[in-house]
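Chemist: Just passing along the structure, written as structure tokens.
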Amino acid sequence: MSELVRTEVHHRTLVVTLNRPEARNALSRQLIRDLRAAVRDGQGDDAIDVIVLTGADPAFCAGLDLKELGSGSSDLAETAPKDGTPVAARGPLPPGPKPVIGAINGAAITGGFELALACDFLVASDRARFADTHARVGIQPWWGLSVLLPQAIGVRRAREMSTTGNFCDAQRALDWGLVNHVVPHDDLLRFTRGLAADIASSDQRAVRQIYATYAEGSRVTVGDAWLVESDAAAAWQGKGLDPDEIERRRQGVVDRGRSQLS
């Protein structure tokens, strides 16, 4: 990849690292291009099942590079979605069928917060911090924060975060449902790669169909989302099921559950 984005593969998991630590991984136009290219490559690589996105310490991402944004250049503004852009392609990450886990190693601020929200779910280091400072800087979100943040923590908390610009630490983020786990900083990638390995050990066709169903259901009413799911299930079952294979996998689920809960 480039010097701005590092990539590594660990057991069918692609780890993408924002690598501009001297600027707290602030998103320049070039960094955005390289990030999108790395994720797009991972989504299209048959050897990859899961993508993990993180930042080079000390920050996850400080947001858009305000020096570049304030220089009079329109390049960063061009990262906003245009009329007619498909919903799935409107955020900072290119769409694809594979799960993207955010490993939030430090501050995720404004555009960096939007980048975190674009991931499918988040694991936070105990050093993680979150803030929406759009209103304090005097700009507006365009990568879906006003949609995704209420989905994650509820509209009242989202309004508070966006209007105050106050910071939320890792524990509060966990309490509010913004992140799935908080782990010691030095364990962040090990723990996140473990979750990725759990995903990779599932039936990948089923994983991607379930993710597609979640995505389509999130763009319609609740009632229609039920129909999205039932239609997807009917199409899946209509392709035929192997009872012996299902029984083998069912026994594997039972054995795995016993080992995890013992």
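Ligands are numbered from 1 in the order shown, chains are lettered A, B, ... in the order of the structure tokens, and residues start at 1 in each chain.
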Could you list, with a cut-off of 12 Å and counting only C-alpha atoms, the residues of region 171-253 of chain A near region 137-154 of chain A, each shown with its nearest atom pair and the distance in Å rounded to one decimal, rows sorted by chain and ascending number, as CSV?
Modeler:
```
residue,atom,partner,partner_atom,distance
A:Arg172,CA,A:Ile153,CA,10.7
A:Ala173,CA,A:Ile153,CA,8.6
A:Leu174,CA,A:Ile153,CA,9.9
A:Asp175,CA,A:Ile153,CA,9.4
A:Trp176,CA,A:Ile153,CA,5.6
A:Gly177,CA,A:Ile153,CA,5.9
A:Leu178,CA,A:Ala152,CA,5.4
A:Val179,CA,A:Ala152,CA,8.6
A:Asn180,CA,A:Ala152,CA,10.6
A:Ser218,CA,A:Gln151,CA,9.6
A:Arg219,CA,A:Val147,CA,10.7
```
Chemist: List as a PyMOL selection string the protein and nucleic acid residues near Asp49 (chain A), meaning an atom at most 9 Å away when only C-alpha atoms are counted, but skip any in the same chain fewer than 4 places from it.
Modeler: chain A and resi 12-14+42-43+45+98-99+196-197+199-200+204
Chemist: For C-alpha atoms, I'd like the residues from the last selection saved as an mmCIF file, in the first residue's frame.
Modeler:
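Here's the written file result-v5.cif:
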```cif
data_model
loop_
_atom_site.group_PDB
_atom_site.id
_atom_site.type_symbol
_atom_site.label_atom_id
_atom_site.label_comp_id
_atom_site.auth_asym_id
_atom_site.auth_seq_id
_atom_site.Cartn_x
_atom_site.Cartn_y
_atom_site.Cartn_z
ATOM 1 C CA ARG A 12 -7.906 -14.370 6.461
ATOM 2 C CA THR A 13 -8.160 -11.016 8.251
ATOM 3 C CA LEU A 14 -6.888 -7.819 6.635
ATOM 4 C CA GLY A 42 -9.777 -6.358 0.853
ATOM 5 C CA GLN A 43 -13.445 -6.544 -0.059
ATOM 6 C CA ASP A 45 -9.853 -10.451 -2.277
ATOM 7 C CA LYS A 98 -17.347 -8.492 4.293
ATOM 8 C CA PRO A 99 -17.501 -7.314 7.920
ATOM 9 C CA ALA A 196 -12.312 -11.687 13.234
ATOM 10 C CA ALA A 197 -11.155 -15.312 13.430
ATOM 11 C CA ILE A 199 -16.256 -14.633 11.997
ATOM 12 C CA ALA A 200 -13.910 -16.284 9.510
ATOM 13 C CA GLN A 204 -18.891 -17.103 4.719
#
```
Chemist: So, counting only C-alpha atoms, which residue among A:His11, A:Arg29, A:Lys67, A:Arg208 is closest to Ala47 (chain A)?
Modeler: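 For Ala47 (chain A), the nearest of the given residues is A:His11.
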Chemist: Based on DSSP run over this structure's backbone, return all residues of region 15-258 of chain A in strand (DSSP E), as a PyMOL selection string.
Modeler: chain A and resi 15-18+50-55+100-104+107-109+121-125+129-131+168-169+181-183
Chemist: Please, could you write that set of residues out with N, CA, C and O atoms as a compact mmCIF listing (two decimals), in the first residue's frame?
Modeler:
```
# COMPACT_ATOMS: atom_id res chain seq x y z
N VAL A 15 -5.78 -6.34 8.23
CA VAL A 15 -5.69 -5.23 9.17
C VAL A 15 -5.21 -4.01 8.40
O VAL A 15 -4.12 -4.01 7.82
N VAL A 16 -6.04 -2.97 8.38
CA VAL A 16 -5.73 -1.71 7.70
C VAL A 16 -5.45 -0.67 8.77
O VAL A 16 -6.30 -0.41 9.63
N THR A 17 -4.26 -0.05 8.72
CA THR A 17 -3.86 0.91 9.75
C THR A 17 -3.63 2.28 9.13
O THR A 17 -2.81 2.43 8.22
N LEU A 18 -4.37 3.28 9.63
CA LEU A 18 -4.10 4.66 9.25
C LEU A 18 -2.73 5.03 9.80
O LEU A 18 -2.48 4.88 11.00
N VAL A 50 -12.50 -10.92 6.65
CA VAL A 50 -12.82 -9.84 7.59
C VAL A 50 -11.78 -8.74 7.45
O VAL A 50 -10.60 -9.03 7.20
N ILE A 51 -12.22 -7.49 7.63
CA ILE A 51 -11.31 -6.35 7.60
C ILE A 51 -11.35 -5.68 8.97
O ILE A 51 -12.42 -5.46 9.53
N VAL A 52 -10.17 -5.37 9.51
CA VAL A 52 -10.04 -4.62 10.76
C VAL A 52 -9.41 -3.28 10.43
O VAL A 52 -8.39 -3.21 9.74
N LEU A 53 -10.02 -2.21 10.91
CA LEU A 53 -9.52 -0.85 10.67
C LEU A 53 -9.07 -0.26 11.99
O LEU A 53 -9.83 -0.24 12.97
N THR A 54 -7.82 0.25 12.03
CA THR A 54 -7.29 0.87 13.24
C THR A 54 -6.40 2.03 12.85
O THR A 54 -6.27 2.37 11.68
N GLY A 55 -5.79 2.66 13.86
CA GLY A 55 -4.90 3.78 13.61
C GLY A 55 -3.56 3.57 14.27
O GLY A 55 -3.45 2.82 15.25
N VAL A 100 -16.46 -5.23 8.55
CA VAL A 100 -15.37 -4.32 8.89
C VAL A 100 -15.48 -4.01 10.38
O VAL A 100 -16.48 -3.45 10.83
N ILE A 101 -14.45 -4.38 11.13
CA ILE A 101 -14.42 -4.13 12.57
C ILE A 101 -13.50 -2.95 12.82
O ILE A 101 -12.36 -2.94 12.37
N GLY A 102 -13.98 -1.96 13.56
CA GLY A 102 -13.13 -0.85 13.96
C GLY A 102 -12.42 -1.18 15.26
O GLY A 102 -13.08 -1.50 16.25
N ALA A 103 -11.10 -1.11 15.27
CA ALA A 103 -10.30 -1.29 16.48
C ALA A 103 -9.84 0.10 16.89
O ALA A 103 -8.85 0.63 16.37
N ILE A 104 -10.57 0.72 17.81
CA ILE A 104 -10.38 2.14 18.11
C ILE A 104 -9.31 2.28 19.20
O ILE A 104 -9.55 2.03 20.37
N ALA A 107 -8.19 8.54 20.16
CA ALA A 107 -9.25 9.50 19.87
C ALA A 107 -9.83 9.29 18.47
O ALA A 107 -9.09 9.14 17.49
N ALA A 108 -11.17 9.30 18.40
CA ALA A 108 -11.90 9.27 17.13
C ALA A 108 -12.79 10.51 17.13
O ALA A 108 -13.81 10.54 17.80
N ILE A 109 -12.38 11.52 16.37
CA ILE A 109 -12.98 12.84 16.50
C ILE A 109 -13.61 13.26 15.17
O ILE A 109 -12.98 13.15 14.11
N PHE A 121 -18.95 -2.88 13.55
CA PHE A 121 -19.00 -2.75 15.01
C PHE A 121 -17.60 -2.40 15.50
O PHE A 121 -16.62 -2.47 14.73
N LEU A 122 -17.52 -2.00 16.78
CA LEU A 122 -16.29 -1.41 17.29
C LEU A 122 -15.79 -2.14 18.52
O LEU A 122 -16.57 -2.54 19.39
N VAL A 123 -14.47 -2.26 18.60
CA VAL A 123 -13.77 -2.67 19.81
C VAL A 123 -12.88 -1.50 20.21
O VAL A 123 -12.16 -0.96 19.38
N ALA A 124 -12.95 -1.09 21.46
CA ALA A 124 -12.23 0.09 21.91
C ALA A 124 -11.10 -0.27 22.87
O ALA A 124 -11.28 -1.09 23.78
N SER A 125 -9.96 0.35 22.67
CA SER A 125 -8.93 0.37 23.69
C SER A 125 -9.42 1.20 24.87
O SER A 125 -10.29 2.08 24.71
N ARG A 129 -11.34 7.57 22.82
CA ARG A 129 -12.18 8.72 23.13
C ARG A 129 -12.97 9.06 21.87
O ARG A 129 -12.46 8.92 20.76
N PHE A 130 -14.19 9.53 22.05
CA PHE A 130 -15.06 9.85 20.92
C PHE A 130 -15.63 11.25 21.11
O PHE A 130 -16.02 11.62 22.22
N ALA A 131 -15.71 12.01 20.03
CA ALA A 131 -16.35 13.33 20.10
C ALA A 131 -16.80 13.75 18.71
O ALA A 131 -16.12 13.48 17.71
N CYS A 168 -16.49 11.57 24.97
CA CYS A 168 -17.04 10.37 25.58
C CYS A 168 -15.89 9.37 25.71
O CYS A 168 -15.24 9.04 24.72
N ASP A 169 -15.63 8.89 26.94
CA ASP A 169 -14.52 7.95 27.11
C ASP A 169 -14.97 6.53 26.76
O ASP A 169 -16.14 6.27 26.45
N HIS A 181 -16.95 -3.78 22.92
CA HIS A 181 -16.01 -4.24 23.94
C HIS A 181 -15.02 -3.12 24.24
O HIS A 181 -14.68 -2.32 23.35
N VAL A 182 -14.53 -3.08 25.47
CA VAL A 182 -13.39 -2.25 25.85
C VAL A 182 -12.32 -3.18 26.41
O VAL A 182 -12.61 -4.01 27.28
N VAL A 183 -11.10 -3.06 25.90
CA VAL A 183 -10.03 -3.95 26.32
C VAL A 183 -8.78 -3.12 26.62
O VAL A 183 -8.67 -1.97 26.17
```
Chemist: Can you list every residue in region 10-239 of chain A that DSSP puts in alpha helix (DSSP H), as a ChimeraX atom specification?
Modeler: /A:29-44,66-69,111-117,134-137,145-153,155-164,170-176,188-200,204-217,222-238
Chemist: Show me, as a PyMOL selection string, the residues that have an atom within 10 Å of Cys61 (chain A) when counting only C-alpha atoms, minus same-chain residues fewer than 3 positions from it.
Modeler: chain A and resi 18-21+23-27+54-58+64-65+104-116+130
Chemist: Given the selection you just returned, output its residues as a file containing C-alpha atoms, formatted as a PDB file, in the first residue's frame.
Modeler:
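Saved the output as out.pdb:
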```pdb
ATOM      1  CA  LEU A  18      -4.100   4.659   9.246  1.00  0.00           C
ATOM      2  CA  ASN A  19      -0.439   5.669   9.357  1.00  0.00           C
ATOM      3  CA  ARG A  20      -0.150   9.404   9.788  1.00  0.00           C
ATOM      4  CA  PRO A  21       0.593   9.511  13.529  1.00  0.00           C
ATOM      5  CA  ALA A  23      -1.015  14.416  12.432  1.00  0.00           C
ATOM      6  CA  ARG A  24      -3.076  12.074  14.649  1.00  0.00           C
ATOM      7  CA  ASN A  25      -4.104  10.275  11.445  1.00  0.00           C
ATOM      8  CA  ALA A  26      -6.028  13.310  10.190  1.00  0.00           C
ATOM      9  CA  LEU A  27      -7.712  12.541   6.884  1.00  0.00           C
ATOM     10  CA  THR A  54      -7.294   0.867  13.244  1.00  0.00           C
ATOM     11  CA  GLY A  55      -4.901   3.781  13.612  1.00  0.00           C
ATOM     12  CA  ALA A  56      -1.234   4.224  14.398  1.00  0.00           C
ATOM     13  CA  ASP A  57      -0.928   5.397  17.999  1.00  0.00           C
ATOM     14  CA  PRO A  58      -1.669   7.686  19.693  1.00  0.00           C
ATOM     15  CA  LEU A  64     -10.537  15.701   8.296  1.00  0.00           C
ATOM     16  CA  ASP A  65      -7.252  17.573   7.930  1.00  0.00           C
ATOM     17  CA  ILE A 104     -10.376   2.140  18.111  1.00  0.00           C
ATOM     18  CA  ASN A 105      -6.948   2.678  19.659  1.00  0.00           C
ATOM     19  CA  GLY A 106      -7.309   6.352  20.661  1.00  0.00           C
ATOM     20  CA  ALA A 107      -9.252   9.498  19.873  1.00  0.00           C
ATOM     21  CA  ALA A 108     -11.904   9.266  17.131  1.00  0.00           C
ATOM     22  CA  ILE A 109     -12.978  12.842  16.497  1.00  0.00           C
ATOM     23  CA  THR A 110     -15.526  14.371  14.077  1.00  0.00           C
ATOM     24  CA  GLY A 111     -14.688  12.871  10.648  1.00  0.00           C
ATOM     25  CA  GLY A 112     -12.716  10.200  12.486  1.00  0.00           C
ATOM     26  CA  PHE A 113     -15.824   9.499  14.549  1.00  0.00           C
ATOM     27  CA  GLU A 114     -17.784   9.142  11.292  1.00  0.00           C
ATOM     28  CA  LEU A 115     -15.104   6.742  10.058  1.00  0.00           C
ATOM     29  CA  ALA A 116     -15.539   4.644  13.209  1.00  0.00           C
ATOM     30  CA  PHE A 130     -15.060   9.853  20.917  1.00  0.00           C
TER      31      PHE A 130
END
```
